[in-house]
$ cat upload18.pdb   # PDB, C-alpha atoms
ATOM      1  CA  MET A   1     -22.457  26.049  -7.245
ATOM      2  CA  ASN A   2     -20.212  23.812  -9.357
ATOM      3  CA  PRO A   3     -19.142  20.760  -7.216
ATOM      4  CA  LEU A   4     -15.482  21.736  -7.545
ATOM      5  CA  GLU A   5     -16.281  25.264  -6.362
ATOM      6  CA  LEU A   6     -18.270  23.721  -3.528
ATOM      7  CA  ILE A   7     -15.201  21.752  -2.392
ATOM      8  CA  ALA A   8     -13.018  24.870  -2.651
ATOM      9  CA  VAL A   9     -15.425  27.110  -0.739
ATOM     10  CA  ALA A  10     -16.134  24.458   1.915
ATOM     11  CA  SER A  11     -12.405  23.848   2.437
ATOM     12  CA  LYS A  12     -11.875  27.568   3.034
ATOM     13  CA  ARG A  13     -14.646  27.679   5.594
ATOM     14  CA  ILE A  14     -13.651  24.616   7.717
ATOM     15  CA  THR A  15     -10.680  22.279   7.637
ATOM     16  CA  PRO A  16      -9.502  19.519   7.133
ATOM     17  CA  THR A  17     -11.086  18.408   3.884
ATOM     18  CA  PHE A  18     -10.816  14.719   3.025
ATOM     19  CA  LEU A  19     -11.258  13.552  -0.548
ATOM     20  CA  ASN A  20     -12.017   9.841  -0.333
ATOM     21  CA  HIS A  21     -11.208   8.272  -3.642
ATOM     22  CA  GLU A  22     -10.892   4.956  -5.442
ATOM     23  CA  ILE A  23      -8.541   3.683  -8.102
ATOM     24  CA  GLY A  24      -9.761   5.025 -11.433
ATOM     25  CA  SER A  25     -11.506   8.108 -10.025
ATOM     26  CA  GLU A  26      -8.962  10.517 -11.607
ATOM     27  CA  ILE A  27      -8.331  12.191  -8.264
ATOM     28  CA  GLU A  28      -5.136  13.688  -9.711
ATOM     29  CA  SER A  29      -7.162  15.897 -12.062
ATOM     30  CA  VAL A  30      -9.503  16.904  -9.255
ATOM     31  CA  LEU A  31      -6.471  17.995  -7.219
ATOM     32  CA  TYR A  32      -5.022  19.900 -10.168
ATOM     33  CA  TYR A  33      -8.181  21.977 -10.656
ATOM     34  CA  LEU A  34      -8.722  22.408  -6.931
ATOM     35  CA  ILE A  35      -5.174  23.627  -6.226
ATOM     36  CA  LYS A  36      -5.391  25.942  -9.216
ATOM     37  CA  MET A  37      -8.534  27.488  -7.717
ATOM     38  CA  LEU A  38      -7.250  27.743  -4.151
ATOM     39  CA  LYS A  39      -3.532  28.490  -4.355
ATOM     40  CA  GLU A  40      -3.786  32.219  -5.011
ATOM     41  CA  ASP A  41      -5.901  32.732  -1.902
ATOM     42  CA  TYR A  42      -3.061  31.719   0.423
ATOM     43  CA  GLU A  43       0.322  33.184   1.244
ATOM     44  CA  GLU A  44       2.031  29.796   1.145
ATOM     45  CA  PHE A  45       1.472  26.413  -0.422
ATOM     46  CA  VAL A  46       2.959  23.383   1.346
ATOM     47  CA  ILE A  47       2.916  19.792   0.076
ATOM     48  CA  LEU A  48       3.537  16.909   2.473
ATOM     49  CA  SER A  49       4.304  13.877   0.345
ATOM     50  CA  PHE A  50       4.536  10.356   1.715
ATOM     51  CA  GLN A  51       6.193   7.506  -0.217
ATOM     52  CA  ASP A  52       6.769   9.517  -3.453
ATOM     53  CA  ALA A  53       3.101  10.375  -3.878
ATOM     54  CA  TYR A  54       3.794  13.900  -5.168
ATOM     55  CA  ASN A  55       6.298  12.591  -7.703
ATOM     56  CA  SER A  56       3.678  10.175  -9.086
ATOM     57  CA  ILE A  57       0.926  12.774  -9.211
ATOM     58  CA  LEU A  58       3.081  15.491 -10.781
ATOM     59  CA  LYS A  59       4.395  13.083 -13.426
ATOM     60  CA  TYR A  60       0.863  12.071 -14.374
ATOM     61  CA  LEU A  61      -0.549  15.615 -14.364
ATOM     62  CA  SER A  62       2.370  16.943 -16.429
ATOM     63  CA  SER A  63       1.532  14.414 -19.126
ATOM     64  CA  ILE A  64      -2.025  15.765 -19.331
ATOM     65  CA  TYR A  65      -1.846  19.474 -18.464
ATOM     66  CA  LYS A  66       0.924  21.668 -19.895
ATOM     67  CA  ASP A  67       0.784  24.076 -16.966
ATOM     68  CA  ALA A  68       0.827  21.406 -14.227
ATOM     69  CA  PRO A  69       4.468  22.110 -13.234
ATOM     70  CA  ASP A  70       3.595  25.842 -12.930
ATOM     71  CA  VAL A  71       0.587  25.118 -10.730
ATOM     72  CA  PHE A  72       2.793  23.256  -8.241
ATOM     73  CA  LYS A  73       6.138  25.027  -8.767
ATOM     74  CA  ASP A  74       6.086  27.377  -5.737
ATOM     75  CA  ALA A  75       5.191  24.640  -3.292
ATOM     76  CA  HIS A  76       7.284  24.090  -0.185
ATOM     77  CA  LEU A  77       7.768  20.312  -0.442
ATOM     78  CA  ILE A  78       8.298  18.055   2.555
ATOM     79  CA  SER A  79       9.022  14.481   1.475
ATOM     80  CA  ILE A  80       8.468  11.595   3.846
ATOM     81  CA  ASN A  81      10.244   8.360   2.931
ATOM     82  CA  PRO A  82      11.151   9.433  -0.602
ATOM     83  CA  PHE A  83      12.493   6.805  -2.982
ATOM     84  CA  LEU A  84      12.276   8.704  -6.277
ATOM     85  CA  GLU A  85      11.295  12.145  -5.036
ATOM     86  CA  GLU A  86      14.772  13.348  -4.018
ATOM     87  CA  GLU A  87      15.273  14.626  -7.561
ATOM     88  CA  LEU A  88      12.544  17.219  -6.939
ATOM     89  CA  LYS A  89      14.802  18.689  -4.223
ATOM     90  CA  PRO A  90      12.348  18.788  -1.318
ATOM     91  CA  SER A  91      12.784  21.457   1.379
ATOM     92  CA  ASP A  92      12.918  18.660   3.920
ATOM     93  CA  SER A  93      13.324  14.926   3.517
ATOM     94  CA  ILE A  94      12.217  12.723   6.418
ATOM     95  CA  LYS A  95      13.252   9.093   6.394
ATOM     96  CA  THR A  96      11.578   7.071   9.105
ATOM     97  CA  LYS A  97       8.452   4.973   9.464
ATOM     98  CA  ASP A  98       7.845   6.232  13.032
ATOM     99  CA  ALA A  99       4.716   8.410  13.060
ATOM    100  CA  GLU A 100       5.755  10.431  16.095
ATOM    101  CA  LEU A 101       9.178  11.248  14.665
ATOM    102  CA  ILE A 102       7.622  12.248  11.347
ATOM    103  CA  VAL A 103       5.108  14.554  13.012
ATOM    104  CA  GLY A 104       7.850  16.044  15.207
ATOM    105  CA  ARG A 105       9.892  16.953  12.132
ATOM    106  CA  ILE A 106       6.827  18.350  10.339
ATOM    107  CA  ARG A 107       6.000  20.421  13.426
ATOM    108  CA  GLY A 108       9.487  21.900  13.257
ATOM    109  CA  ASP A 109       9.023  22.697   9.559
ATOM    110  CA  VAL A 110       5.586  24.305   9.673
ATOM    111  CA  ARG A 111       5.338  25.571  13.254
ATOM    112  CA  THR A 112       4.728  29.256  12.463
ATOM    113  CA  LYS A 113       2.894  28.915   9.193
ATOM    114  CA  SER A 114      -0.506  30.511   8.891
ATOM    115  CA  ASP A 115      -2.608  31.501   5.877
ATOM    116  CA  THR A 116      -1.211  28.382   4.240
ATOM    117  CA  LEU A 117      -2.693  25.819   1.892
ATOM    118  CA  PHE A 118      -1.544  22.316   2.860
ATOM    119  CA  LEU A 119      -1.865  19.377   0.503
ATOM    120  CA  VAL A 120      -1.147  16.038   2.204
ATOM    121  CA  LEU A 121      -0.415  13.302  -0.346
ATOM    122  CA  GLY A 122       0.246   9.598   0.067
ATOM    123  CA  LEU A 123      -1.035   9.010   3.592
ATOM    124  CA  ASP A 124      -2.793   5.971   2.130
ATOM    125  CA  LEU A 125       0.481   4.689   0.634
ATOM    126  CA  TYR A 126       2.135   5.136   4.033
ATOM    127  CA  GLY A 127      -0.833   3.392   5.671
ATOM    128  CA  VAL A 128      -0.517   0.352   3.404
ATOM    129  CA  LYS A 129       3.143   0.008   4.316
ATOM    130  CA  TYR A 130       2.831   0.831   8.014
ATOM    131  CA  PRO A 131      -0.817   0.196   9.007
ATOM    132  CA  GLN A 132      -0.110   0.377  12.736
ATOM    133  CA  GLU A 133       1.158   3.980  12.358
ATOM    134  CA  LEU A 134      -1.950   5.328  10.621
ATOM    135  CA  PRO A 135      -4.126   5.912  13.729
ATOM    136  CA  VAL A 136      -1.234   7.878  15.256
ATOM    137  CA  ILE A 137      -0.200   9.990  12.306
ATOM    138  CA  ILE A 138      -3.575  11.208  11.021
ATOM    139  CA  PRO A 139      -4.793  13.054  14.145
ATOM    140  CA  ALA A 140      -1.257  14.277  14.902
ATOM    141  CA  ILE A 141      -0.767  15.756  11.423
ATOM    142  CA  ILE A 142      -4.157  17.447  11.484
ATOM    143  CA  ARG A 143      -3.377  18.933  14.901
ATOM    144  CA  VAL A 144      -0.010  20.293  13.738
ATOM    145  CA  LEU A 145      -1.249  21.729  10.442
ATOM    146  CA  SER A 146      -4.343  23.286  12.002
ATOM    147  CA  GLY A 147      -2.175  25.226  14.443
ATOM    148  CA  GLY A 148      -1.765  28.354  12.291
ATOM    149  CA  LYS A 149      -4.527  30.823  11.551
ATOM    150  CA  ASN A 150      -6.527  30.471   8.324
ATOM    151  CA  ASN A 151      -4.835  27.269   7.187
ATOM    152  CA  ASN A 152      -6.542  24.998   4.672
ATOM    153  CA  ILE A 153      -5.720  21.259   4.746
ATOM    154  CA  ILE A 154      -6.643  19.038   1.806
ATOM    155  CA  ILE A 155      -6.115  15.282   2.197
ATOM    156  CA  PRO A 156      -6.911  12.834  -0.608
ATOM    157  CA  PHE A 157      -7.172   9.321   0.812
ATOM    158  CA  ASN A 158      -8.018   5.975  -0.775
ATOM    159  CA  THR A 159     -10.262   4.309   1.790
ATOM    160  CA  LYS A 160     -11.082   1.313  -0.401
ATOM    161  CA  ILE A 161      -7.746  -0.329   0.345
ATOM    162  CA  PHE A 162      -8.307  -0.389   4.121
ATOM    163  CA  PRO A 163     -10.679  -2.290   6.405
ATOM    164  CA  GLU A 164     -13.884  -0.532   7.428
ATOM    165  CA  ASN A 165     -12.668   0.364  10.923
ATOM    166  CA  THR A 166      -9.677   2.230   9.420
ATOM    167  CA  THR A 167     -11.964   4.073   7.012
ATOM    168  CA  GLU A 168     -14.266   5.059   9.868
ATOM    169  CA  MET A 169     -11.316   6.273  11.914
ATOM    170  CA  VAL A 170     -10.016   8.384   9.009
ATOM    171  CA  ASN A 171     -13.439   9.822   8.196
ATOM    172  CA  SER A 172     -14.019  10.786  11.813
ATOM    173  CA  PHE A 173     -11.319  13.464  11.463
ATOM    174  CA  ALA A 174     -12.839  15.004   8.332
ATOM    175  CA  LEU A 175     -14.867  18.160   8.720
ATOM    176  CA  ASN A 176     -15.470  18.206   4.979
ATOM    177  CA  LEU A 177     -15.840  14.818   3.332
ATOM    178  CA  PHE A 178     -16.232  14.197  -0.385
ATOM    179  CA  LYS A 179     -16.305  10.750  -1.947
ATOM    180  CA  PHE A 180     -14.992   9.996  -5.445
ATOM    181  CA  GLU A 181     -16.164   6.559  -6.592
ATOM    182  CA  VAL A 182     -15.939   4.398  -9.675
ATOM    183  CA  GLU A 183     -18.829   2.296 -10.909
ATOM    184  CA  ALA A 184     -17.629  -0.423 -13.282
ATOM    185  CA  THR A 185     -19.889  -2.613 -15.373
ATOM    186  CA  GLU A 186     -18.826  -4.834 -18.262
ATOM    187  CA  GLY A 187     -15.791  -2.840 -19.326
ATOM    188  CA  GLU A 188     -17.382   0.575 -18.824
ATOM    189  CA  ILE A 189     -16.608   2.921 -15.975
ATOM    190  CA  GLN A 190     -18.573   5.839 -14.562
ATOM    191  CA  ARG A 191     -17.106   8.245 -12.014
ATOM    192  CA  LYS A 192     -19.278   9.652  -9.253
ATOM    193  CA  LEU A 193     -18.788  12.383  -6.643
ATOM    194  CA  THR A 194     -20.911  12.440  -3.481
ATOM    195  CA  VAL A 195     -20.922  15.100  -0.787
ATOM    196  CA  ILE A 196     -20.855  13.265   2.533
ATOM    197  CA  ARG A 197     -20.227  16.161   4.883
ATOM    198  CA  CYS A 198     -19.717  19.903   4.389
ATOM    199  CA  PRO A 199     -20.944  23.142   5.950
ATOM    200  CA  PHE A 200     -23.435  23.675   3.113
ATOM    201  CA  VAL A 201     -25.977  21.167   4.368
ATOM    202  CA  GLU A 202     -28.232  21.564   1.358
ATOM    203  CA  TYR A 203     -25.600  19.650  -0.626
ATOM    204  CA  THR A 204     -25.253  16.737   1.824
ATOM    205  CA  LEU A 205     -25.547  13.376   0.038
ATOM    206  CA  LYS A 206     -25.939  15.089  -3.339
ATOM    207  CA  SER A 207     -24.153  13.207  -6.146
ATOM    208  CA  TRP A 208     -22.861  14.018  -9.610
ATOM    209  CA  TYR A 209     -21.374  11.821 -12.299
ATOM    210  CA  TYR A 210     -18.288  13.339 -13.851
ATOM    211  CA  THR A 211     -15.840  12.992 -16.673
ATOM    212  CA  VAL A 212     -12.411  14.544 -17.069
ATOM    213  CA  THR A 213     -11.526  16.368 -20.288
ATOM    214  CA  PRO A 214      -8.242  18.181 -21.061
ATOM    215  CA  ASP A 215      -9.964  21.534 -20.362
ATOM    216  CA  ARG A 216     -12.229  20.861 -17.417
ATOM    217  CA  ILE A 217     -14.147  18.376 -15.328
ATOM    218  CA  ILE A 218     -17.720  17.999 -16.504
ATOM    219  CA  PHE A 219     -20.255  17.215 -13.776
ATOM    220  CA  LEU A 220     -23.715  15.896 -14.587
ATOM    221  CA  PRO A 221     -26.532  14.999 -12.209
ATOM    222  CA  ARG A 222     -27.129  11.689 -13.983
ATOM    223  CA  LYS A 223     -25.043   8.894 -15.555
ATOM    224  CA  LEU A 224     -22.987   9.786 -18.597
ATOM    225  CA  PRO A 225     -23.452   7.901 -21.866
ATOM    226  CA  PRO A 226     -21.335   4.686 -21.673
ATOM    227  CA  VAL A 227     -17.721   4.946 -22.825
ATOM    228  CA  SER A 228     -15.765   1.759 -23.469
ATOM    229  CA  VAL A 229     -12.240   1.631 -22.091
TER     230      VAL A 229
ATOM    231  CA  MET B   1       2.817 -20.607 -16.145
ATOM    232  CA  SER B   2       5.706 -20.921 -13.649
ATOM    233  CA  LYS B   3       5.112 -21.122  -9.894
ATOM    234  CA  GLY B   4       6.392 -17.584  -9.266
ATOM    235  CA  GLU B   5       4.205 -16.237 -12.050
ATOM    236  CA  LYS B   6       1.135 -18.006 -10.626
ATOM    237  CA  ILE B   7       1.769 -16.557  -7.165
ATOM    238  CA  LEU B   8       2.153 -13.017  -8.487
ATOM    239  CA  VAL B   9      -0.899 -13.186 -10.783
ATOM    240  CA  ARG B  10      -3.002 -14.517  -7.876
ATOM    241  CA  ALA B  11      -1.803 -11.675  -5.628
ATOM    242  CA  ILE B  12      -2.603  -9.051  -8.289
ATOM    243  CA  SER B  13      -6.038 -10.507  -8.873
ATOM    244  CA  THR B  14      -6.801 -10.548  -5.129
ATOM    245  CA  ALA B  15      -5.474  -6.987  -4.714
ATOM    246  CA  LEU B  16      -7.659  -5.747  -7.585
ATOM    247  CA  LYS B  17     -10.761  -7.456  -6.196
ATOM    248  CA  GLU B  18     -10.149  -5.807  -2.842
ATOM    249  CA  VAL B  19      -9.112  -2.306  -3.816
ATOM    250  CA  ALA B  20     -10.787  -1.799  -7.163
ATOM    251  CA  PRO B  21     -13.711  -4.190  -7.476
ATOM    252  CA  GLY B  22     -14.994  -4.325 -11.024
ATOM    253  CA  LEU B  23     -11.806  -2.885 -12.471
ATOM    254  CA  GLU B  24      -9.985  -6.210 -12.874
ATOM    255  CA  ALA B  25     -11.962  -6.892 -16.055
ATOM    256  CA  VAL B  26     -11.253  -3.351 -17.284
ATOM    257  CA  LEU B  27      -7.516  -3.782 -16.692
ATOM    258  CA  GLU B  28      -7.453  -7.220 -18.330
ATOM    259  CA  ALA B  29      -9.286  -5.853 -21.378
ATOM    260  CA  HIS B  30      -6.770  -2.979 -21.557
ATOM    261  CA  LEU B  31      -3.754  -5.332 -21.333
ATOM    262  CA  LYS B  32      -5.280  -7.610 -23.952
ATOM    263  CA  ALA B  33      -5.986  -4.698 -26.315
ATOM    264  CA  THR B  34      -2.617  -2.974 -25.917
ATOM    265  CA  MET B  35      -0.229  -5.919 -25.408
ATOM    266  CA  ASN B  36      -2.273  -8.981 -26.264
ATOM    267  CA  LYS B  37      -1.411 -10.302 -22.805
ATOM    268  CA  GLY B  38      -3.038 -10.800 -19.410
ATOM    269  CA  LEU B  39      -1.964 -10.102 -15.825
ATOM    270  CA  GLU B  40       1.057 -12.397 -16.337
ATOM    271  CA  VAL B  41       2.825  -9.477 -18.027
ATOM    272  CA  ALA B  42       3.520  -8.211 -14.478
ATOM    273  CA  TYR B  43       5.909 -11.138 -14.016
ATOM    274  CA  GLU B  44       7.409 -10.986 -17.504
ATOM    275  CA  ASP B  45       7.928  -7.226 -17.491
ATOM    276  CA  PRO B  46       6.854  -5.448 -14.280
ATOM    277  CA  LYS B  47       7.794  -2.015 -15.649
ATOM    278  CA  GLU B  48       5.581  -2.462 -18.690
ATOM    279  CA  PHE B  49       2.716  -3.652 -16.468
ATOM    280  CA  LYS B  50       3.063  -0.577 -14.250
ATOM    281  CA  GLU B  51       3.053   1.699 -17.283
ATOM    282  CA  ALA B  52      -0.120   0.041 -18.571
ATOM    283  CA  VAL B  53      -1.859   0.418 -15.179
ATOM    284  CA  SER B  54      -0.659   3.999 -14.972
ATOM    285  CA  LYS B  55      -2.030   4.836 -18.427
ATOM    286  CA  LEU B  56      -5.402   3.444 -17.447
ATOM    287  CA  PHE B  57      -5.818   4.571 -13.826
ATOM    288  CA  GLY B  58      -3.105   7.199 -13.325
ATOM    289  CA  GLU B  59       0.373   7.091 -11.857
ATOM    290  CA  TYR B  60      -0.754   7.448  -8.259
ATOM    291  CA  SER B  61      -3.275   4.606  -8.442
ATOM    292  CA  ALA B  62      -0.641   2.474 -10.142
ATOM    293  CA  ARG B  63       1.724   3.137  -7.213
ATOM    294  CA  LEU B  64      -1.054   2.367  -4.733
ATOM    295  CA  LEU B  65      -1.863  -0.917  -6.443
ATOM    296  CA  GLU B  66       1.853  -1.736  -6.567
ATOM    297  CA  MET B  67       2.172  -1.215  -2.806
ATOM    298  CA  VAL B  68      -0.907  -3.320  -2.042
ATOM    299  CA  ILE B  69       0.527  -6.163  -4.171
ATOM    300  CA  ILE B  70       3.928  -5.882  -2.436
ATOM    301  CA  ASN B  71       2.202  -5.810   0.957
ATOM    302  CA  LYS B  72       0.235  -8.975   0.108
ATOM    303  CA  LEU B  73       3.338 -10.949  -0.865
ATOM    304  CA  GLU B  74       5.997  -9.474   1.419
ATOM    305  CA  SER B  75       4.823 -11.360   4.510
ATOM    306  CA  GLN B  76       4.344 -14.557   2.491
ATOM    307  CA  LEU B  77       7.910 -14.394   1.195
ATOM    308  CA  GLU B  78       9.248 -13.712   4.697
ATOM    309  CA  GLU B  79      11.601 -11.081   3.354
ATOM    310  CA  ARG B  80      13.683  -9.185   5.878
ATOM    311  CA  GLU B  81      14.648  -6.365   3.551
ATOM    312  CA  GLU B  82      12.027  -3.825   2.535
ATOM    313  CA  ILE B  83      10.646  -4.234  -0.992
ATOM    314  CA  ASN B  84       9.897  -0.909  -2.661
ATOM    315  CA  SER B  85       8.843  -1.759  -6.195
ATOM    316  CA  LEU B  86       7.162  -4.429  -8.285
ATOM    317  CA  GLU B  87      10.469  -4.927 -10.101
ATOM    318  CA  GLU B  88      12.187  -5.752  -6.791
ATOM    319  CA  LEU B  89       9.323  -8.050  -5.816
ATOM    320  CA  VAL B  90       9.546 -10.019  -9.073
ATOM    321  CA  GLU B  91      13.304 -10.258  -8.700
ATOM    322  CA  ARG B  92      12.926 -11.759  -5.205
ATOM    323  CA  ILE B  93      10.226 -14.206  -6.323
ATOM    324  CA  LYS B  94      12.475 -15.370  -9.166
ATOM    325  CA  ILE B  95      15.376 -15.916  -6.749
ATOM    326  CA  ILE B  96      13.191 -17.782  -4.232
ATOM    327  CA  TYR B  97      11.700 -20.124  -6.859
ATOM    328  CA  GLY B  98      14.885 -20.398  -8.906
ATOM    329  CA  GLU B  99      13.233 -19.137 -12.076
TER     330      GLU B  99
END
$ encode --input "upload18.pdb" --output "structure tokens"
Amino acid sequence: MNPLELIAVASKRITPTFLNHEIGSEIESVLYYLIKMLKEDYEEFVILSFQDAYNSILKYLSSIYKDAPDVFKDAHLISINPFLEEELKPSDSIKTKDAELIVGRIRGDVRTKSDTLFLVLGLDLYGVKYPQELPVIIPAIIRVLSGGKNNNIIIPFNTKIFPENTTEMVNSFALNLFKFEVEATEGEIQRKLTVIRCPFVEYTLKSWYYTVTPDRIIFLPRKLPPVSV
Amino acid sequence: MSKGEKILVRAISTALKEVAPGLEAVLEAHLKATMNKGLEVAYEDPKEFKEAVSKLFGEYSARLLEMVIINKLESQLEEREEINSLEELVERIKIIYGE
């Protein structure tokens, strides 16, 4: 199974799926391909975007992939603390730092949704700004979004920017956990995906190096030839 | 280098070491190659710096790095109003240090 297919299939089997990533890991492209694969299998597609995360990701993806706006166009967008994202006309716009208020509003928005693909963006941005709210919002959001039947929750999260105890707390809520790392040496970078936890135990701790091209993500079991940046 | 510039460059360097170890050299090489400048471009032209980071690591990572930098300096500057962008941060530093 291709690692991207593995993530897609695992996320359909159990949820939530956390994609731990680092700066430079091209997580945007991973999300693009993943959403493209998964979207059609669900009745609805909902994006929860904290601190303009969706705006940033869509802008970047649209500069690389012509069809990026089409991939995300039918999404029901809920923006939390938007600064630039208002122009995308979100279905709901929540402006507060209070985790409980945010989750209350989200609960009202998604209460009856089932057979829905949820993409939660920018929780890490929110966590940098309001670190004390992170331990409250993560379990609460997962609880609310898991309420409906056959929902799939995908959460990319940059753990590198937080202390280890925060990372451990976040990872403890992940039923599927995939790690996207960057290895940098003397001006060269290599990207690496490792399966930390998923229902297909034969893949646990298996790693691939990967590179992103305009057509696909290429995964290889060993390091790629060095590319200067 | 002015005092405000020094403070910002130090904060960026610390943020990079913490959140993207190993990538500081990559970013510096990229800034040097594309603008013939170093991290100080963030103080001279924060928008241009953000665009350069975004080209290299993606828009989302650029935003993440921006927020970590703001977070590092916000408490130091004892600002009461929320700072939402690197441009705002530079503006405040310039006011504080009269630059």
$ residues_around --input "upload18.pdb" --residues "Leu27 (chain B)" --least-positions-apart "3" --cutoff "12 Å" --atoms "all atoms listed in the file" --output "JSON, numbers by chain"
{"A": [23, 24, 184, 186, 187, 188, 189, 229], "B": [12, 13, 16, 17, 20, 21, 22, 23, 24, 30, 31, 32, 33, 34, 35, 37, 38, 39, 41, 49, 50, 51, 52, 53, 54, 55, 56, 57, 62]}
$ interface_residues --input "upload18.pdb" --of "chain A" --to "chain B" --cutoff "9 Å" --atoms "all atoms listed in the file" --output "compact mmCIF listing (two decimals) with C-alpha atoms, in the coordinates of the input"
# COMPACT_ATOMS: atom_id res chain seq x y z
CA GLU A 22 -10.89 4.96 -5.44
CA ILE A 23 -8.54 3.68 -8.10
CA GLY A 24 -9.76 5.03 -11.43
CA SER A 25 -11.51 8.11 -10.02
CA GLU A 26 -8.96 10.52 -11.61
CA ILE A 27 -8.33 12.19 -8.26
CA GLU A 28 -5.14 13.69 -9.71
CA ASP A 52 6.77 9.52 -3.45
CA ALA A 53 3.10 10.38 -3.88
CA TYR A 54 3.79 13.90 -5.17
CA ASN A 55 6.30 12.59 -7.70
CA SER A 56 3.68 10.18 -9.09
CA ILE A 57 0.93 12.77 -9.21
CA LEU A 58 3.08 15.49 -10.78
CA LYS A 59 4.39 13.08 -13.43
CA TYR A 60 0.86 12.07 -14.37
CA LEU A 61 -0.55 15.62 -14.36
CA PHE A 83 12.49 6.80 -2.98
CA GLY A 122 0.25 9.60 0.07
CA ASP A 124 -2.79 5.97 2.13
CA LEU A 125 0.48 4.69 0.63
CA VAL A 128 -0.52 0.35 3.40
CA LYS A 129 3.14 0.01 4.32
CA ASN A 158 -8.02 5.98 -0.78
CA THR A 159 -10.26 4.31 1.79
CA LYS A 160 -11.08 1.31 -0.40
CA ILE A 161 -7.75 -0.33 0.34
CA PHE A 162 -8.31 -0.39 4.12
CA VAL A 182 -15.94 4.40 -9.68
CA GLU A 183 -18.83 2.30 -10.91
CA ALA A 184 -17.63 -0.42 -13.28
CA THR A 185 -19.89 -2.61 -15.37
CA GLU A 186 -18.83 -4.83 -18.26
CA GLY A 187 -15.79 -2.84 -19.33
CA GLU A 188 -17.38 0.57 -18.82
CA ILE A 189 -16.61 2.92 -15.98
CA VAL A 229 -12.24 1.63 -22.09
$ resolve_selection --input "upload18.pdb" --expression "the PyMOL selection byres ((chain A and resi 170-179) around 6)" --output "mmCIF file with C-alpha atoms, in the frame of the given file"
data_model
loop_
_atom_site.group_PDB
_atom_site.id
_atom_site.type_symbol
_atom_site.label_atom_id
_atom_site.label_comp_id
_atom_site.auth_asym_id
_atom_site.auth_seq_id
_atom_site.Cartn_x
_atom_site.Cartn_y
_atom_site.Cartn_z
ATOM 1 C CA THR A 15 -10.680 22.279 7.637
ATOM 2 C CA PRO A 16 -9.502 19.519 7.133
ATOM 3 C CA THR A 17 -11.086 18.408 3.884
ATOM 4 C CA PHE A 18 -10.816 14.719 3.025
ATOM 5 C CA LEU A 19 -11.258 13.552 -0.548
ATOM 6 C CA ASN A 20 -12.017 9.841 -0.333
ATOM 7 C CA HIS A 21 -11.208 8.272 -3.642
ATOM 8 C CA THR A 167 -11.964 4.073 7.012
ATOM 9 C CA GLU A 168 -14.266 5.059 9.868
ATOM 10 C CA MET A 169 -11.316 6.273 11.914
ATOM 11 C CA PHE A 180 -14.992 9.996 -5.445
ATOM 12 C CA LEU A 193 -18.788 12.383 -6.643
ATOM 13 C CA THR A 194 -20.911 12.440 -3.481
ATOM 14 C CA VAL A 195 -20.922 15.100 -0.787
ATOM 15 C CA ILE A 196 -20.855 13.265 2.533
ATOM 16 C CA ARG A 197 -20.227 16.161 4.883
ATOM 17 C CA CYS A 198 -19.717 19.903 4.389
#
$ atom_distance --input "upload18.pdb" --atom1 "CA of Leu77 (chain A)" --atom2 "CA of Ser91 (chain A)"
5.5 Å
$ residues_around --input "upload18.pdb" --residues "region 103-118 of chain A" --least-positions-apart "3" --cutoff "8 Å" --atoms "all atoms listed in the file" --output "list in words"
Leu38, Lys39, Tyr42, Glu43, Glu44, Phe45, Val46, Ile47, Leu48, Ile78, Asp92, Ile94, Ala99, Glu100, Ile137, Ala140, Ile141, Val144, Leu145, Gly147, Gly148, Lys149, Asn150, Asn151, Asn152, Ile153 and Ile154 of chain A
$ resolve_selection --input "upload18.pdb" --expression "the PyMOL selection byres ((chain A and resi 213) around 12)" --output "CSV table (one decimal) with C-alpha atoms, in the frame of the given file"
chain,number,residue,atom,x,y,z
A,26,GLU,CA,-9.0,10.5,-11.6
A,29,SER,CA,-7.2,15.9,-12.1
A,30,VAL,CA,-9.5,16.9,-9.3
A,33,TYR,CA,-8.2,22.0,-10.7
A,64,ILE,CA,-2.0,15.8,-19.3
A,65,TYR,CA,-1.8,19.5,-18.5
A,210,TYR,CA,-18.3,13.3,-13.9
A,211,THR,CA,-15.8,13.0,-16.7
A,212,VAL,CA,-12.4,14.5,-17.1
A,214,PRO,CA,-8.2,18.2,-21.1
A,215,ASP,CA,-10.0,21.5,-20.4
A,216,ARG,CA,-12.2,20.9,-17.4
A,217,ILE,CA,-14.1,18.4,-15.3
A,218,ILE,CA,-17.7,18.0,-16.5
A,219,PHE,CA,-20.3,17.2,-13.8
$ resolve_selection --input "upload18.pdb" --expression "the PyMOL selection byres ((chain B and resi 92) around 12)" --output "compact mmCIF listing (two decimals) with C-alpha atoms, keeping the file's coordinate frame"
# COMPACT_ATOMS: atom_id res chain seq x y z
CA GLY B 4 6.39 -17.58 -9.27
CA GLU B 5 4.20 -16.24 -12.05
CA LEU B 8 2.15 -13.02 -8.49
CA TYR B 43 5.91 -11.14 -14.02
CA ILE B 70 3.93 -5.88 -2.44
CA LEU B 73 3.34 -10.95 -0.86
CA GLU B 74 6.00 -9.47 1.42
CA GLN B 76 4.34 -14.56 2.49
CA LEU B 77 7.91 -14.39 1.20
CA GLU B 78 9.25 -13.71 4.70
CA GLU B 79 11.60 -11.08 3.35
CA ARG B 80 13.68 -9.18 5.88
CA GLU B 81 14.65 -6.36 3.55
CA GLU B 82 12.03 -3.82 2.54
CA ILE B 83 10.65 -4.23 -0.99
CA ASN B 84 9.90 -0.91 -2.66
CA SER B 85 8.84 -1.76 -6.20
CA LEU B 86 7.16 -4.43 -8.28
CA GLU B 87 10.47 -4.93 -10.10
CA GLU B 88 12.19 -5.75 -6.79
CA LEU B 89 9.32 -8.05 -5.82
CA VAL B 90 9.55 -10.02 -9.07
CA GLU B 91 13.30 -10.26 -8.70
CA ILE B 93 10.23 -14.21 -6.32
CA LYS B 94 12.48 -15.37 -9.17
CA ILE B 95 15.38 -15.92 -6.75
CA ILE B 96 13.19 -17.78 -4.23
CA TYR B 97 11.70 -20.12 -6.86
CA GLY B 98 14.88 -20.40 -8.91
CA GLU B 99 13.23 -19.14 -12.08
